[in-house]
Amino acid sequence: MLHRDAAILVLDKPAGLAVHRGPRGGPSLEDWLPALRFGGRRDPQPAHRLDADTAGCLVLGRTRPALARLGALFAAGRVEKIYWAVVRGAPPAAEGEIAAPLRKVSSAAAGWRMVVDPAGQEARTAWRVLGRNARDGLAWLELRPRTGRTHQLRAHCAHLGCPILGDARYGGGTHPGGLHLLARAVVLPREGDGPPLRVEAEPPPAMRPALAACGWAGREAGAAA
C-alpha cells in the first residue's frame with residue numbers, strides 16, 4: 001500500500017498480476033478487492049488501467065463519488081503519470097516526444113499487438129534519458145504518456161528504436177526479470193486549492209540490477225546489482 005485516505009487507495013501492483021479477470025481466468029486484483037475495503041462499505045475499484053506485466057502505482061476509488069471523480073480526472077488528462085523503463089538500444093537524443101498514432105492488429109499466428117499507423121488513434125509520449133549503460137546497450141528512461149492507449153509505452157519505445165527490456169512482443173527480447181516497466185509515480189489533483197497528491201513506487205527487485213547498471217542509486221541498488 002502506497003497511500004490510503006477516505007477516498008483513494010494507491011497500490012504498488014506487482015508485475016504479473018492482472019487488474020481484471022481475463023477470459024481464461026487466473027489470479028487478478030479482483031480477488032483481493034474485498035480485503036482492501038479497510039472498513040468501507042464497498043470494494044474499491046481501479047480508476048485506470050495498468051498492464052498485467054507492469055509494476056507500480058495503481059489508483060483505486062473507495063467510494064462511488066471518488067471513483068467518478070478519479071475517472072473524470074484520468075479521462076481529462078489531468079493526472080500526471082510517470083513511468084520508468086529500461087530499454088535496449090541508444091535513444092537518439094537526451095529527451096523528446098513520440099507522436100505516433102497506434103492501431104491494434106491481430107493474427108491467428110502472432111496474436112494481437114499495437115502498431116504505429118497514421119490511421120490509428122492519436123498517441124503521444126514524452127521521454128527523457130535518466131541514465132545509460134553503453135557496455136550492455138541499455139538506457140534508463142522516464143516516460144510521461146500524454147494519451148492513454150493500450151500498450152502505448154511499449155509500442156512507442158519500440159518505434160523509437162529502443163524496445164523495453166524483457167518485452168518480447170515488441171522486440172525487447174526475453175529476460176528473467178520480465179518486463180522492465182514501472183509505473184513510478186502518479187500526481188493527482190486534490191479537491192479545492194490543496195497541493196496535488198504525489199505517490200511514488202520503488203522499483204521491484206527484478207528491475208533493480210538493470211537500473212543500477214544504468215546509474216540508478218536508489219534504495220538497495222547496490223545490493224541488487
# chains A, B, ... in the order shown; residues from 1 in each chain; ligands from 1

$ select_by_dssp --residues "stretch 9-206 of chain A" --states "alpha helix (DSSP H)" --output "VMD selection string"
chain A and resid 64 to 75 152 to 160

$ write_last_selection --atoms "N, CA, C and O atoms" --output "PDB file, in the first residue's frame"
ATOM      1  N   ARG A  64     -18.180   5.527  -4.646  1.00  0.00           N
ATOM      2  CA  ARG A  64     -18.667   5.835  -5.989  1.00  0.00           C
ATOM      3  C   ARG A  64     -18.341   7.273  -6.393  1.00  0.00           C
ATOM      4  O   ARG A  64     -17.888   7.504  -7.522  1.00  0.00           O
ATOM      5  N   PRO A  65     -18.574   8.268  -5.522  1.00  0.00           N
ATOM      6  CA  PRO A  65     -18.191   9.636  -5.910  1.00  0.00           C
ATOM      7  C   PRO A  65     -16.693   9.774  -6.177  1.00  0.00           C
ATOM      8  O   PRO A  65     -16.279  10.461  -7.117  1.00  0.00           O
ATOM      9  N   ALA A  66     -15.871   9.129  -5.365  1.00  0.00           N
ATOM     10  CA  ALA A  66     -14.424   9.212  -5.560  1.00  0.00           C
ATOM     11  C   ALA A  66     -14.024   8.560  -6.876  1.00  0.00           C
ATOM     12  O   ALA A  66     -13.183   9.088  -7.622  1.00  0.00           O
ATOM     13  N   LEU A  67     -14.625   7.414  -7.188  1.00  0.00           N
ATOM     14  CA  LEU A  67     -14.297   6.727  -8.436  1.00  0.00           C
ATOM     15  C   LEU A  67     -14.717   7.560  -9.644  1.00  0.00           C
ATOM     16  O   LEU A  67     -13.979   7.654 -10.637  1.00  0.00           O
ATOM     17  N   ALA A  68     -15.894   8.195  -9.557  1.00  0.00           N
ATOM     18  CA  ALA A  68     -16.355   9.050 -10.651  1.00  0.00           C
ATOM     19  C   ALA A  68     -15.413  10.238 -10.842  1.00  0.00           C
ATOM     20  O   ALA A  68     -15.078  10.603 -11.974  1.00  0.00           O
ATOM     21  N   ARG A  69     -14.992  10.853  -9.736  1.00  0.00           N
ATOM     22  CA  ARG A  69     -14.072  11.994  -9.843  1.00  0.00           C
ATOM     23  C   ARG A  69     -12.740  11.561 -10.439  1.00  0.00           C
ATOM     24  O   ARG A  69     -12.184  12.235 -11.318  1.00  0.00           O
ATOM     25  N   LEU A  70     -12.200  10.450  -9.971  1.00  0.00           N
ATOM     26  CA  LEU A  70     -10.924   9.960 -10.495  1.00  0.00           C
ATOM     27  C   LEU A  70     -11.036   9.624 -11.982  1.00  0.00           C
ATOM     28  O   LEU A  70     -10.139   9.946 -12.775  1.00  0.00           O
ATOM     29  N   GLY A  71     -12.142   8.966 -12.349  1.00  0.00           N
ATOM     30  CA  GLY A  71     -12.336   8.641 -13.759  1.00  0.00           C
ATOM     31  C   GLY A  71     -12.352   9.874 -14.633  1.00  0.00           C
ATOM     32  O   GLY A  71     -11.778   9.885 -15.730  1.00  0.00           O
ATOM     33  N   ALA A  72     -12.995  10.936 -14.146  1.00  0.00           N
ATOM     34  CA  ALA A  72     -13.049  12.183 -14.908  1.00  0.00           C
ATOM     35  C   ALA A  72     -11.663  12.823 -15.014  1.00  0.00           C
ATOM     36  O   ALA A  72     -11.295  13.367 -16.066  1.00  0.00           O
ATOM     37  N   LEU A  73     -10.882  12.760 -13.951  1.00  0.00           N
ATOM     38  CA  LEU A  73      -9.531  13.322 -13.978  1.00  0.00           C
ATOM     39  C   LEU A  73      -8.642  12.585 -14.972  1.00  0.00           C
ATOM     40  O   LEU A  73      -7.904  13.204 -15.754  1.00  0.00           O
ATOM     41  N   PHE A  74      -8.701  11.255 -14.951  1.00  0.00           N
ATOM     42  CA  PHE A  74      -7.904  10.477 -15.896  1.00  0.00           C
ATOM     43  C   PHE A  74      -8.360  10.737 -17.327  1.00  0.00           C
ATOM     44  O   PHE A  74      -7.538  10.915 -18.233  1.00  0.00           O
ATOM     45  N   ALA A  75      -9.672  10.771 -17.545  1.00  0.00           N
ATOM     46  CA  ALA A  75     -10.192  10.985 -18.897  1.00  0.00           C
ATOM     47  C   ALA A  75      -9.792  12.349 -19.441  1.00  0.00           C
ATOM     48  O   ALA A  75      -9.568  12.509 -20.651  1.00  0.00           O
ATOM     49  N   GLN A 152       0.742   1.633 -25.063  1.00  0.00           N
ATOM     50  CA  GLN A 152       1.325   2.816 -25.691  1.00  0.00           C
ATOM     51  C   GLN A 152       2.830   2.921 -25.451  1.00  0.00           C
ATOM     52  O   GLN A 152       3.603   3.152 -26.399  1.00  0.00           O
ATOM     53  N   LEU A 153       3.257   2.768 -24.197  1.00  0.00           N
ATOM     54  CA  LEU A 153       4.672   2.947 -23.900  1.00  0.00           C
ATOM     55  C   LEU A 153       5.514   1.856 -24.551  1.00  0.00           C
ATOM     56  O   LEU A 153       6.618   2.121 -25.053  1.00  0.00           O
ATOM     57  N   ARG A 154       5.002   0.657 -24.568  1.00  0.00           N
ATOM     58  CA  ARG A 154       5.741  -0.453 -25.161  1.00  0.00           C
ATOM     59  C   ARG A 154       5.885  -0.261 -26.671  1.00  0.00           C
ATOM     60  O   ARG A 154       6.978  -0.422 -27.232  1.00  0.00           O
ATOM     61  N   ALA A 155       4.802   0.118 -27.333  1.00  0.00           N
ATOM     62  CA  ALA A 155       4.855   0.325 -28.783  1.00  0.00           C
ATOM     63  C   ALA A 155       5.674   1.557 -29.136  1.00  0.00           C
ATOM     64  O   ALA A 155       6.424   1.559 -30.124  1.00  0.00           O
ATOM     65  N   HIS A 156       5.565   2.619 -28.336  1.00  0.00           N
ATOM     66  CA  HIS A 156       6.307   3.833 -28.632  1.00  0.00           C
ATOM     67  C   HIS A 156       7.813   3.647 -28.416  1.00  0.00           C
ATOM     68  O   HIS A 156       8.627   4.186 -29.188  1.00  0.00           O
ATOM     69  N   CYS A 157       8.217   2.934 -27.378  1.00  0.00           N
ATOM     70  CA  CYS A 157       9.645   2.678 -27.192  1.00  0.00           C
ATOM     71  C   CYS A 157      10.200   1.865 -28.359  1.00  0.00           C
ATOM     72  O   CYS A 157      11.308   2.140 -28.846  1.00  0.00           O
ATOM     73  N   ALA A 158       9.443   0.887 -28.813  1.00  0.00           N
ATOM     74  CA  ALA A 158       9.879   0.119 -29.975  1.00  0.00           C
ATOM     75  C   ALA A 158       9.993   1.009 -31.203  1.00  0.00           C
ATOM     76  O   ALA A 158      10.940   0.891 -31.995  1.00  0.00           O
ATOM     77  N   HIS A 159       9.043   1.921 -31.378  1.00  0.00           N
ATOM     78  CA  HIS A 159       9.071   2.856 -32.513  1.00  0.00           C
ATOM     79  C   HIS A 159      10.281   3.779 -32.433  1.00  0.00           C
ATOM     80  O   HIS A 159      10.858   4.168 -33.466  1.00  0.00           O
ATOM     81  N   LEU A 160      10.708   4.122 -31.230  1.00  0.00           N
ATOM     82  CA  LEU A 160      11.884   4.958 -31.026  1.00  0.00           C
ATOM     83  C   LEU A 160      13.167   4.205 -31.367  1.00  0.00           C
ATOM     84  O   LEU A 160      14.230   4.815 -31.500  1.00  0.00           O
TER      85      LEU A 160
END

$ closest_atom_pairs --of "stretch 174-224 of chain A" --to "stretch 7-27 of chain A" --cutoff "8 Å" --atoms "only C-alpha atoms" --output "Markdown table"
| residue | atom | partner | partner_atom | distance |
| --- | --- | --- | --- | --- |
| A:Val199 | CA | A:Val10 | CA | 7.6 |
| A:Ala201 | CA | A:Asp12 | CA | 6.2 |
| A:Pro204 | CA | A:Pro14 | CA | 7.8 |

$ atom_distance --atom1 "atom CA of A:Pro209" --atom2 "atom CA of A:Gly177"
9.3 Å

$ residues_around --residues "A:Arg132" --least-positions-apart "2" --cutoff "6 Å" --atoms "only C-alpha atoms" --output "CSV table (one decimal) with C-alpha atoms, in the first residue's frame"
chain,number,residue,atom,x,y,z
A,138,LEU,CA,20.8,-0.3,-22.2
A,139,ALA,CA,19.2,3.0,-21.2
A,214,CYS,CA,22.3,2.4,-15.9

$ atom_distance --atom1 "atom CA of A:Trp32" --atom2 "atom CA of A:Val187"
24.4 Å

$ closest_residue --among "A:Leu36, A:Ala168, A:Leu179, A:Val186" --to "A:Ala110" --atoms "only C-alpha atoms"
A:Ala168

$ atom_distance --atom1 "atom CA of A:Arg144" --atom2 "atom CA of A:Ala126"
5.0 Å

$ select_by_dssp --residues "stretch 115-213 of chain A" --states "strand (DSSP E or B)" --output "PyMOL selection string"
chain A and resi 115-116+121+124-133+138-145+164+181-188+197-200

$ decode --residues "stretch 2-18 of chain A" --atoms "all heavy atoms" --output "mmCIF file, in the first residue's frame"
data_model
loop_
_atom_site.group_PDB
_atom_site.id
_atom_site.type_symbol
_atom_site.label_atom_id
_atom_site.label_comp_id
_atom_site.auth_asym_id
_atom_site.auth_seq_id
_atom_site.Cartn_x
_atom_site.Cartn_y
_atom_site.Cartn_z
ATOM 1 N N LEU A 2 0.661 2.116 -0.963
ATOM 2 C CA LEU A 2 1.455 3.333 -1.068
ATOM 3 C C LEU A 2 0.745 4.548 -0.469
ATOM 4 O O LEU A 2 1.394 5.479 -0.005
ATOM 5 C CB LEU A 2 1.795 3.612 -2.534
ATOM 6 C CG LEU A 2 2.606 2.542 -3.252
ATOM 7 C CD1 LEU A 2 2.718 2.866 -4.733
ATOM 8 C CD2 LEU A 2 3.984 2.397 -2.621
ATOM 9 N N HIS A 3 -0.600 4.543 -0.523
ATOM 10 C CA HIS A 3 -1.364 5.665 0.011
ATOM 11 C C HIS A 3 -2.772 5.190 0.309
ATOM 12 O O HIS A 3 -3.351 4.393 -0.435
ATOM 13 C CB HIS A 3 -1.413 6.816 -1.000
ATOM 14 C CG HIS A 3 -2.326 7.930 -0.571
ATOM 15 N ND1 HIS A 3 -1.929 8.921 0.295
ATOM 16 C CD2 HIS A 3 -3.633 8.198 -0.878
ATOM 17 C CE1 HIS A 3 -2.933 9.749 0.502
ATOM 18 N NE2 HIS A 3 -3.977 9.335 -0.189
ATOM 19 N N ARG A 4 -3.315 5.716 1.409
ATOM 20 C CA ARG A 4 -4.714 5.431 1.744
ATOM 21 C C ARG A 4 -5.320 6.627 2.430
ATOM 22 O O ARG A 4 -4.758 7.162 3.390
ATOM 23 C CB ARG A 4 -4.822 4.202 2.662
ATOM 24 C CG ARG A 4 -6.259 3.783 2.949
ATOM 25 C CD ARG A 4 -6.288 2.529 3.812
ATOM 26 N NE ARG A 4 -6.379 2.833 5.226
ATOM 27 C CZ ARG A 4 -6.161 1.952 6.206
ATOM 28 N NH1 ARG A 4 -5.790 0.722 5.912
ATOM 29 N NH2 ARG A 4 -6.270 2.314 7.460
ATOM 30 N N ASP A 5 -6.477 7.078 1.932
ATOM 31 C CA ASP A 5 -7.284 8.059 2.642
ATOM 32 C C ASP A 5 -8.746 7.656 2.484
ATOM 33 O O ASP A 5 -9.044 6.543 2.027
ATOM 34 C CB ASP A 5 -6.994 9.496 2.177
ATOM 35 C CG ASP A 5 -7.306 9.730 0.696
ATOM 36 O OD1 ASP A 5 -8.250 9.110 0.164
ATOM 37 O OD2 ASP A 5 -6.609 10.552 0.070
ATOM 38 N N ALA A 6 -9.659 8.519 2.858
ATOM 39 C CA ALA A 6 -11.072 8.138 2.851
ATOM 40 C C ALA A 6 -11.607 7.882 1.463
ATOM 41 O O ALA A 6 -12.608 7.172 1.295
ATOM 42 C CB ALA A 6 -11.895 9.234 3.535
ATOM 43 N N ALA A 7 -10.962 8.436 0.435
ATOM 44 C CA ALA A 7 -11.491 8.340 -0.926
ATOM 45 C C ALA A 7 -10.636 7.507 -1.866
ATOM 46 O O ALA A 7 -11.154 6.938 -2.836
ATOM 47 C CB ALA A 7 -11.653 9.741 -1.517
ATOM 48 N N ILE A 8 -9.330 7.432 -1.607
ATOM 49 C CA ILE A 8 -8.383 6.899 -2.590
ATOM 50 C C ILE A 8 -7.455 5.870 -1.952
ATOM 51 O O ILE A 8 -6.992 6.041 -0.824
ATOM 52 C CB ILE A 8 -7.536 8.046 -3.186
ATOM 53 C CG1 ILE A 8 -8.412 9.027 -3.949
ATOM 54 C CG2 ILE A 8 -6.425 7.506 -4.092
ATOM 55 C CD1 ILE A 8 -7.671 10.292 -4.368
ATOM 56 N N LEU A 9 -7.172 4.829 -2.702
ATOM 57 C CA LEU A 9 -6.060 3.922 -2.412
ATOM 58 C C LEU A 9 -5.086 3.990 -3.587
ATOM 59 O O LEU A 9 -5.511 4.083 -4.743
ATOM 60 C CB LEU A 9 -6.530 2.466 -2.269
ATOM 61 C CG LEU A 9 -7.516 2.097 -1.177
ATOM 62 C CD1 LEU A 9 -7.851 0.605 -1.277
ATOM 63 C CD2 LEU A 9 -6.933 2.410 0.199
ATOM 64 N N VAL A 10 -3.802 3.942 -3.306
ATOM 65 C CA VAL A 10 -2.807 3.750 -4.351
ATOM 66 C C VAL A 10 -1.994 2.519 -3.966
ATOM 67 O O VAL A 10 -1.352 2.500 -2.908
ATOM 68 C CB VAL A 10 -1.884 4.973 -4.531
ATOM 69 C CG1 VAL A 10 -0.932 4.726 -5.710
ATOM 70 C CG2 VAL A 10 -2.704 6.234 -4.760
ATOM 71 N N LEU A 11 -2.069 1.508 -4.808
ATOM 72 C CA LEU A 11 -1.387 0.248 -4.561
ATOM 73 C C LEU A 11 -0.087 0.182 -5.342
ATOM 74 O O LEU A 11 0.043 0.774 -6.415
ATOM 75 C CB LEU A 11 -2.267 -0.930 -4.986
ATOM 76 C CG LEU A 11 -3.667 -1.047 -4.386
ATOM 77 C CD1 LEU A 11 -4.341 -2.307 -4.914
ATOM 78 C CD2 LEU A 11 -3.599 -1.057 -2.866
ATOM 79 N N ASP A 12 0.846 -0.598 -4.834
ATOM 80 C CA ASP A 12 2.071 -0.940 -5.559
ATOM 81 C C ASP A 12 1.826 -2.309 -6.188
ATOM 82 O O ASP A 12 2.122 -3.347 -5.603
ATOM 83 C CB ASP A 12 3.250 -0.960 -4.597
ATOM 84 C CG ASP A 12 4.585 -1.111 -5.303
ATOM 85 O OD1 ASP A 12 4.590 -1.213 -6.544
ATOM 86 O OD2 ASP A 12 5.615 -1.143 -4.614
ATOM 87 N N LYS A 13 1.245 -2.300 -7.388
ATOM 88 C CA LYS A 13 0.860 -3.554 -8.031
ATOM 89 C C LYS A 13 2.091 -4.330 -8.479
ATOM 90 O O LYS A 13 2.973 -3.777 -9.133
ATOM 91 C CB LYS A 13 -0.038 -3.285 -9.245
ATOM 92 C CG LYS A 13 -0.630 -4.577 -9.837
ATOM 93 C CD LYS A 13 -1.320 -4.326 -11.159
ATOM 94 C CE LYS A 13 -0.351 -4.281 -12.312
ATOM 95 N NZ LYS A 13 0.311 -5.587 -12.574
ATOM 96 N N PRO A 14 2.163 -5.610 -8.144
ATOM 97 C CA PRO A 14 3.301 -6.397 -8.632
ATOM 98 C C PRO A 14 3.153 -6.744 -10.105
ATOM 99 O O PRO A 14 2.040 -6.891 -10.623
ATOM 100 C CB PRO A 14 3.246 -7.659 -7.765
ATOM 101 C CG PRO A 14 1.805 -7.795 -7.380
ATOM 102 C CD PRO A 14 1.281 -6.389 -7.257
ATOM 103 N N ALA A 15 4.278 -6.864 -10.783
ATOM 104 C CA ALA A 15 4.260 -7.335 -12.167
ATOM 105 C C ALA A 15 3.733 -8.763 -12.200
ATOM 106 O O ALA A 15 3.991 -9.569 -11.300
ATOM 107 C CB ALA A 15 5.664 -7.274 -12.756
ATOM 108 N N GLY A 16 2.955 -9.070 -13.222
ATOM 109 C CA GLY A 16 2.403 -10.408 -13.373
ATOM 110 C C GLY A 16 0.995 -10.571 -12.852
ATOM 111 O O GLY A 16 0.365 -11.607 -13.081
ATOM 112 N N LEU A 17 0.472 -9.564 -12.146
ATOM 113 C CA LEU A 17 -0.890 -9.629 -11.622
ATOM 114 C C LEU A 17 -1.807 -8.786 -12.492
ATOM 115 O O LEU A 17 -1.631 -7.568 -12.604
ATOM 116 C CB LEU A 17 -0.945 -9.127 -10.177
ATOM 117 C CG LEU A 17 -2.328 -9.156 -9.513
ATOM 118 C CD1 LEU A 17 -2.804 -10.590 -9.324
ATOM 119 C CD2 LEU A 17 -2.310 -8.414 -8.181
ATOM 120 N N ALA A 18 -2.791 -9.432 -13.119
ATOM 121 C CA ALA A 18 -3.765 -8.709 -13.934
ATOM 122 C C ALA A 18 -4.679 -7.888 -13.033
ATOM 123 O O ALA A 18 -5.000 -8.290 -11.911
ATOM 124 C CB ALA A 18 -4.584 -9.688 -14.760
#
